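Participant: Okay, so here is target13.pdb, and as you'll see once you scroll down, it has PDB, C-alpha atoms.
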```pdb
ATOM      1  CA  MET A 262      49.441  62.888 -28.073
ATOM      2  CA  ALA A 263      53.166  62.484 -28.277
ATOM      3  CA  LYS A 264      54.840  59.702 -26.317
ATOM      4  CA  GLY A 265      57.882  60.204 -24.186
ATOM      5  CA  PHE A 266      59.157  61.616 -20.920
ATOM      6  CA  LYS A 267      61.308  64.540 -22.030
ATOM      7  CA  SER A 268      60.270  68.101 -21.207
ATOM      8  CA  GLU A 269      59.749  68.923 -24.914
ATOM      9  CA  VAL A 270      57.233  66.083 -25.225
ATOM     10  CA  LYS A 271      55.386  67.242 -22.090
ATOM     11  CA  GLN A 272      55.250  70.819 -23.435
ATOM     12  CA  LEU A 273      53.951  69.555 -26.767
ATOM     13  CA  ASN A 274      51.252  67.501 -25.025
ATOM     14  CA  GLN A 275      50.217  70.513 -22.916
ATOM     15  CA  PHE A 276      50.003  72.645 -26.062
ATOM     16  CA  LEU A 277      47.938  69.994 -27.864
ATOM     17  CA  GLU A 278      45.622  69.681 -24.855
ATOM     18  CA  SER A 279      45.095  73.479 -24.759
ATOM     19  CA  LEU A 280      44.263  73.420 -28.491
ATOM     20  CA  ARG A 281      41.761  70.604 -27.925
ATOM     21  CA  THR A 282      40.133  72.573 -25.100
ATOM     22  CA  LEU A 283      39.987  75.712 -27.243
ATOM     23  CA  MET A 284      38.400  73.832 -30.156
ATOM     24  CA  ASN A 285      35.846  72.267 -27.797
ATOM     25  CA  ASP A 286      34.986  75.763 -26.523
ATOM     26  CA  TYR A 287      34.517  77.008 -30.097
ATOM     27  CA  HIS A 288      32.367  73.978 -30.878
ATOM     28  CA  THR A 289      30.162  74.593 -27.823
ATOM     29  CA  LYS A 290      29.733  78.280 -28.699
ATOM     30  CA  MET A 291      28.833  77.439 -32.299
ATOM     31  CA  VAL A 292      26.214  74.918 -31.173
ATOM     32  CA  LYS A 293      24.725  77.455 -28.711
ATOM     33  CA  MET A 294      24.573  80.096 -31.448
ATOM     34  CA  GLY A 295      22.882  77.691 -33.849
ATOM     35  CA  GLU A 296      25.741  77.818 -36.339
ATOM     36  CA  GLU A 297      26.626  74.975 -38.660
ATOM     37  CA  VAL A 298      29.595  73.102 -37.168
ATOM     38  CA  THR A 299      32.119  71.884 -39.739
ATOM     39  CA  ALA A 300      35.888  71.471 -39.715
ATOM     40  CA  GLN A 301      36.230  74.537 -41.965
ATOM     41  CA  HIS A 302      34.035  76.664 -39.692
ATOM     42  CA  LEU A 303      36.042  75.582 -36.624
ATOM     43  CA  LYS A 304      39.273  76.393 -38.430
ATOM     44  CA  ASN A 305      37.941  79.839 -39.394
ATOM     45  CA  LYS A 306      36.908  80.520 -35.778
ATOM     46  CA  PHE A 307      40.355  79.472 -34.568
ATOM     47  CA  LEU A 308      42.109  81.688 -37.115
ATOM     48  CA  GLY A 309      39.737  84.608 -36.509
ATOM     49  CA  ILE A 310      38.380  84.601 -40.058
ATOM     50  CA  SER A 311      34.825  85.915 -40.217
ATOM     51  CA  GLU A 312      32.733  84.261 -42.898
ATOM     52  CA  ASP A 313      29.702  86.538 -42.976
ATOM     53  CA  ARG A 314      30.661  89.768 -41.303
ATOM     54  CA  ARG A 315      27.707  92.101 -41.566
ATOM     55  CA  MET A 316      28.070  95.773 -40.809
ATOM     56  CA  LEU A 317      25.505  97.967 -39.042
ATOM     57  CA  ILE A 318      25.259 100.687 -41.703
ATOM     58  CA  GLU A 319      25.072  98.034 -44.439
ATOM     59  CA  VAL A 320      22.106  96.363 -42.694
ATOM     60  CA  PHE A 321      20.450  99.738 -42.018
ATOM     61  CA  GLU A 322      20.786 100.721 -45.689
ATOM     62  CA  TYR A 323      19.390  97.318 -46.726
ATOM     63  CA  HIS A 324      16.395  97.937 -44.433
ATOM     64  CA  ASN A 325      15.847 101.457 -45.784
ATOM     65  CA  HIS A 326      16.110 100.217 -49.371
ATOM     66  CA  GLN A 327      13.353  97.691 -48.664
ATOM     67  CA  LEU A 328      11.189 100.456 -47.203
ATOM     68  CA  LYS A 329      11.730 102.671 -50.249
ATOM     69  CA  GLU A 330      10.574  99.863 -52.540
ATOM     70  CA  LEU A 331       7.339  99.650 -50.519
ATOM     71  CA  GLU A 332       6.741 103.410 -50.437
ATOM     72  CA  GLY A 333       3.149 104.262 -51.218
ATOM     73  CA  THR A 334       1.865 100.712 -50.740
ATOM     74  CA  SER A 335       2.949  99.701 -47.236
ATOM     75  CA  TYR A 336       4.900 102.694 -45.950
ATOM     76  CA  ALA A 337       4.380 106.443 -46.071
ATOM     77  CA  SER A 338       7.155 108.745 -47.213
ATOM     78  CA  ALA A 339       7.303 110.229 -43.692
ATOM     79  CA  THR A 340       8.168 106.793 -42.290
ATOM     80  CA  ILE A 341      10.964 106.370 -44.797
ATOM     81  CA  LYS A 342      12.256 109.853 -43.971
ATOM     82  CA  ARG A 343      12.252 108.968 -40.256
ATOM     83  CA  TYR A 344      14.400 105.869 -40.868
ATOM     84  CA  THR A 345      16.717 107.838 -43.171
ATOM     85  CA  THR A 346      17.145 110.465 -40.450
ATOM     86  CA  THR A 347      17.855 107.744 -37.888
ATOM     87  CA  LEU A 348      20.510 106.291 -40.196
ATOM     88  CA  ASP A 349      22.124 109.719 -40.609
ATOM     89  CA  HIS A 350      22.215 110.175 -36.831
ATOM     90  CA  ILE A 351      23.750 106.731 -36.309
ATOM     91  CA  LYS A 352      26.437 107.480 -38.916
ATOM     92  CA  ALA A 353      27.251 110.717 -37.097
ATOM     93  CA  PHE A 354      27.308 108.860 -33.761
ATOM     94  CA  LEU A 355      29.765 106.262 -35.089
ATOM     95  CA  VAL A 356      32.127 108.992 -36.252
ATOM     96  CA  PHE A 357      31.671 110.972 -33.020
ATOM     97  CA  LYS A 358      32.087 108.089 -30.562
ATOM     98  CA  TYR A 359      34.169 105.445 -32.357
ATOM     99  CA  LYS A 360      35.815 107.413 -35.206
ATOM    100  CA  LEU A 361      34.374 104.785 -37.596
ATOM    101  CA  ASN A 362      32.197 104.923 -40.694
ATOM    102  CA  ASP A 363      30.641 101.530 -39.923
ATOM    103  CA  ILE A 364      30.816  98.883 -37.205
ATOM    104  CA  PRO A 365      30.478  95.082 -37.412
ATOM    105  CA  LEU A 366      27.252  93.762 -35.913
ATOM    106  CA  ASN A 367      29.165  91.360 -33.691
ATOM    107  CA  ARG A 368      30.780  94.339 -31.895
ATOM    108  CA  LEU A 369      27.430  95.748 -30.769
ATOM    109  CA  LYS A 370      26.918  95.537 -27.040
ATOM    110  CA  TYR A 371      24.375  96.978 -24.640
ATOM    111  CA  SER A 372      26.747  99.885 -24.007
ATOM    112  CA  PHE A 373      26.345 100.865 -27.678
ATOM    113  CA  ILE A 374      22.622 101.441 -27.121
ATOM    114  CA  THR A 375      23.102 103.385 -23.903
ATOM    115  CA  ASP A 376      25.850 105.491 -25.500
ATOM    116  CA  LEU A 377      23.590 106.119 -28.488
ATOM    117  CA  GLU A 378      20.772 107.222 -26.187
ATOM    118  CA  HIS A 379      23.164 109.531 -24.336
ATOM    119  CA  TYR A 380      24.394 110.947 -27.652
ATOM    120  CA  PHE A 381      20.838 111.760 -28.753
ATOM    121  CA  LYS A 382      20.015 113.507 -25.483
ATOM    122  CA  VAL A 383      23.266 115.370 -24.820
ATOM    123  CA  THR A 384      24.956 115.995 -28.167
ATOM    124  CA  ARG A 385      21.931 116.147 -30.470
ATOM    125  CA  LYS A 386      19.769 117.816 -27.761
ATOM    126  CA  CYS A 387      16.789 115.533 -28.484
ATOM    127  CA  ASN A 388      14.049 115.273 -25.896
ATOM    128  CA  HIS A 389      13.302 111.928 -24.261
ATOM    129  CA  ASN A 390      10.432 110.827 -26.507
ATOM    130  CA  THR A 391      12.323 111.704 -29.709
ATOM    131  CA  THR A 392      15.319 109.754 -28.427
ATOM    132  CA  ILE A 393      13.124 106.727 -27.759
ATOM    133  CA  LYS A 394      11.686 106.942 -31.302
ATOM    134  CA  TYR A 395      15.212 106.816 -32.741
ATOM    135  CA  ILE A 396      16.097 103.901 -30.451
ATOM    136  CA  LYS A 397      12.925 102.073 -31.592
ATOM    137  CA  ASN A 398      13.929 102.554 -35.236
ATOM    138  CA  PHE A 399      17.405 101.253 -34.408
ATOM    139  CA  ARG A 400      15.880  98.265 -32.606
ATOM    140  CA  LYS A 401      13.754  97.376 -35.645
ATOM    141  CA  VAL A 402      16.907  97.158 -37.781
ATOM    142  CA  ILE A 403      18.673  95.093 -35.095
ATOM    143  CA  ASN A 404      15.695  92.728 -34.980
ATOM    144  CA  LEU A 405      15.949  92.385 -38.774
ATOM    145  CA  ALA A 406      19.600  91.367 -38.368
ATOM    146  CA  ILE A 407      18.701  88.862 -35.631
ATOM    147  CA  LYS A 408      15.888  87.302 -37.683
ATOM    148  CA  ASN A 409      18.188  86.956 -40.700
ATOM    149  CA  GLY A 410      20.882  85.280 -38.599
ATOM    150  CA  TRP A 411      23.389  88.116 -38.997
ATOM    151  CA  LEU A 412      23.410  88.890 -35.270
ATOM    152  CA  PHE A 413      22.817  86.554 -32.378
ATOM    153  CA  ILE A 414      20.525  87.563 -29.568
ATOM    154  CA  GLN A 415      23.151  87.074 -26.848
ATOM    155  CA  GLN A 416      25.254  89.836 -28.410
ATOM    156  CA  VAL A 417      22.877  92.697 -27.757
ATOM    157  CA  SER A 418      20.342  93.365 -25.028
ATOM    158  CA  GLU A 419      17.097  95.154 -25.653
ATOM    159  CA  GLN A 420      16.806  98.681 -24.384
ATOM    160  CA  GLU A 421      13.514  99.180 -22.593
ATOM    161  CA  ASN A 422      11.333 101.879 -24.117
ATOM    162  CA  ARG A 423      10.580 104.389 -21.431
ATOM    163  CA  ARG A 424       8.258 107.052 -22.775
ATOM    164  CA  SER A 425       7.805 109.807 -20.270
ATOM    165  CA  HIS A 426       4.211 110.601 -19.557
ATOM    166  CA  LEU A 427       2.090 111.755 -16.685
ATOM    167  CA  PRO A 428       0.364 108.926 -14.874
ATOM    168  CA  TYR A 429      -3.367 108.684 -15.348
ATOM    169  CA  PHE A 430      -5.311 107.462 -12.375
ATOM    170  CA  HIS A 431      -8.526 105.683 -13.223
ATOM    171  CA  LYS A 432     -11.393 106.200 -10.821
ATOM    172  CA  SER A 433     -13.531 103.318  -9.775
ATOM    173  CA  LYS A 434     -17.279 103.391 -10.344
ATOM    174  CA  ASN A 435     -17.921 103.540  -6.590
ATOM    175  CA  GLU A 436     -15.603 106.523  -6.227
ATOM    176  CA  CYS A 437     -17.446 108.396  -8.985
ATOM    177  CA  LEU A 438     -20.841 107.664  -7.410
ATOM    178  CA  PHE A 439     -19.572 108.786  -4.000
ATOM    179  CA  LYS A 440     -18.366 112.121  -5.361
ATOM    180  CA  ARG A 441     -21.611 112.701  -7.251
ATOM    181  CA  ASN A 442     -23.794 112.107  -4.153
ATOM    182  CA  CYS A 443     -21.557 113.975  -1.729
ATOM    183  CA  ARG A 444     -22.769 117.367  -0.397
ATOM    184  CA  PHE A 445     -20.172 119.910   0.672
ATOM    185  CA  SER A 446     -21.023 122.350   3.447
ATOM    186  CA  ILE A 447     -18.503 124.982   2.308
ATOM    187  CA  CYS A 448     -19.821 127.587  -0.103
ATOM    188  CA  ARG A 449     -17.642 128.402  -3.024
TER     189      ARG A 449
END
```
The structure given in the file should be rewritten as structure tokens.

Facilitator:
Amino acid sequence: MAKGFKSEVKQLNQFLESLRTLMNDYHTKMVKMGEEVTAQHLKNKFLGISEDRRMLIEVFEYHNHQLKELEGTSYASATIKRYTTTLDHIKAFLVFKYKLNDIPLNRLKYSFITDLEHYFKVTRKCNHNTTIKYIKNFRKVINLAIKNGWLFIQQVSEQENRRSHLPYFHKSKNECLFKRNCRFSICR
């Protein structure tokens, strides 16, 4: 802190105090995210320099490459084709919605998932269950990014899988016995 009573000194002290508060906020966020806190990392956060900026398509291609290496042993070719198709749809969605070829993982929000679901249903004309399959494939890649520390869990919320199906009502044993022993007076 600068010493003095002039207005310039007071302005300088206010500026320095706002910088201290900002750096404390960055420090708190880094600790919450589980990041390593160093002077260089704080400086990079302050300057807006991203150290490990992973992109969605890059991570998806990494995932698909791993699947292709395990083709025939752990994964069937149909599974690999399904993930390749999902990747193609996500690329088309990024161009359609954001006019981008790729998007940084740290820009993914819950609205991305809901917009993607809407895109599948309205633009691609996919039925509900097909849409959910694509969303599940997308979620697997997002989980890969989270487990590798490329995306933090607070940045994206999970979309609930809602498969549409007719409800099945289970009958109790007593209900089945009652119906079996019941005599109806109406002839059919």

Participant: Running the PyMOL selection byres ((chain A and resi 338-343) around 9) on this model by hand, what would come out? Give it as a count of residues only.

Facilitator: 14

Participant: One number please: atom CA of Lys370 of chain A to atom CA of Phe354 of chain A, in Å, one decimal.

Facilitator: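 The value is 14.9 Å.
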
Participant: On this structure, the PyMOL selection byres ((chain A and resi 379) around 12) would catch which residues? List them as number ranges by chain, sorted by chain and number.

Facilitator: A: 354, 358, 372-378, 380-389, 392-393, 395-396

Participant: Mind dumping the selected residues with C-alpha atoms as a PDB file, keeping the file's coordinate frame?

Facilitator:
```pdb
ATOM      1  CA  PHE A 354      27.308 108.860 -33.761  1.00  0.00           C
ATOM      2  CA  LYS A 358      32.087 108.089 -30.562  1.00  0.00           C
ATOM      3  CA  SER A 372      26.747  99.885 -24.007  1.00  0.00           C
ATOM      4  CA  PHE A 373      26.345 100.865 -27.678  1.00  0.00           C
ATOM      5  CA  ILE A 374      22.622 101.441 -27.121  1.00  0.00           C
ATOM      6  CA  THR A 375      23.102 103.385 -23.903  1.00  0.00           C
ATOM      7  CA  ASP A 376      25.850 105.491 -25.500  1.00  0.00           C
ATOM      8  CA  LEU A 377      23.590 106.119 -28.488  1.00  0.00           C
ATOM      9  CA  GLU A 378      20.772 107.222 -26.187  1.00  0.00           C
ATOM     10  CA  TYR A 380      24.394 110.947 -27.652  1.00  0.00           C
ATOM     11  CA  PHE A 381      20.838 111.760 -28.753  1.00  0.00           C
ATOM     12  CA  LYS A 382      20.015 113.507 -25.483  1.00  0.00           C
ATOM     13  CA  VAL A 383      23.266 115.370 -24.820  1.00  0.00           C
ATOM     14  CA  THR A 384      24.956 115.995 -28.167  1.00  0.00           C
ATOM     15  CA  ARG A 385      21.931 116.147 -30.470  1.00  0.00           C
ATOM     16  CA  LYS A 386      19.769 117.816 -27.761  1.00  0.00           C
ATOM     17  CA  CYS A 387      16.789 115.533 -28.484  1.00  0.00           C
ATOM     18  CA  ASN A 388      14.049 115.273 -25.896  1.00  0.00           C
ATOM     19  CA  HIS A 389      13.302 111.928 -24.261  1.00  0.00           C
ATOM     20  CA  THR A 392      15.319 109.754 -28.427  1.00  0.00           C
ATOM     21  CA  ILE A 393      13.124 106.727 -27.759  1.00  0.00           C
ATOM     22  CA  TYR A 395      15.212 106.816 -32.741  1.00  0.00           C
ATOM     23  CA  ILE A 396      16.097 103.901 -30.451  1.00  0.00           C
TER      24      ILE A 396
END
```

Participant: Going by the chain IDs and residue numbers used in this file, which residues fall under the PyMOL selection byres ((chain A and resi 363) around 7)? Write them as number ranges by chain.

Facilitator: A: 316-318, 355, 361-362, 364-365

Participant: Find the distance between atom CA of Lys408 of chain A and atom CA of Arg314 of chain A and write it in Å to one decimal.

Facilitator: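 Computed distance, atom CA of Lys408 of chain A to atom CA of Arg314 of chain A, equals 15.4 Å.
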
Participant: Return the single residue from A:Phe321, A:Tyr359, A:Tyr287, A:Phe266 that is closest to Leu303 of chain A, with distances computed using all atoms listed in the file.

Facilitator: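 When distances to Leu303 of chain A are compared using all atoms listed in the file, the smallest one comes from A:Tyr287.
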
Participant: With distances taken over all atoms listed in the file, which of A:Phe399, A:Asn367, A:Lys304, A:Leu331 is nearest to Lys352 of chain A?

Facilitator: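 Checking each candidate against Lys352 of chain A, we get A:Phe399 as the closest.
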
Participant: Using all atoms listed in the file, find the one residue out of A:Lys264, A:Arg400, A:Lys293, A:His324 that sits nearest to Leu369 of chain A.

Facilitator: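 Residue with the minimum atom-to-atom distance to Leu369 of chain A: A:Arg400.
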
Participant: Can you tell me how far atom CA of Ala406 of chain A sits from atom CA of Tyr371 of chain A, in Å to one decimal?

Facilitator: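 Separation of atom CA of Ala406 of chain A and atom CA of Tyr371 of chain A: 15.6 Å.
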
Participant: Just checking: using all atoms listed in the file, which residue out of A:Thr334, A:Asn409, A:Ser279, A:Asn274 ends up closest to Arg315 of chain A?

Facilitator: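 Ranked by minimum distance to Arg315 of chain A, first place goes to A:Asn409.
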
Participant: Starting from 8 Å padding per side, set up an axis-aligned box that covers all listed atoms of segment 399-415 of chain A and hand over centre and edge lengths in Å, one decimal, as AutoDock Vina command-line options.

Facilitator:
```
--center_x 18.6 --center_y 93.3 --center_z -33.8 --size_x 25.7 --size_y 32.0 --size_z 29.9
```
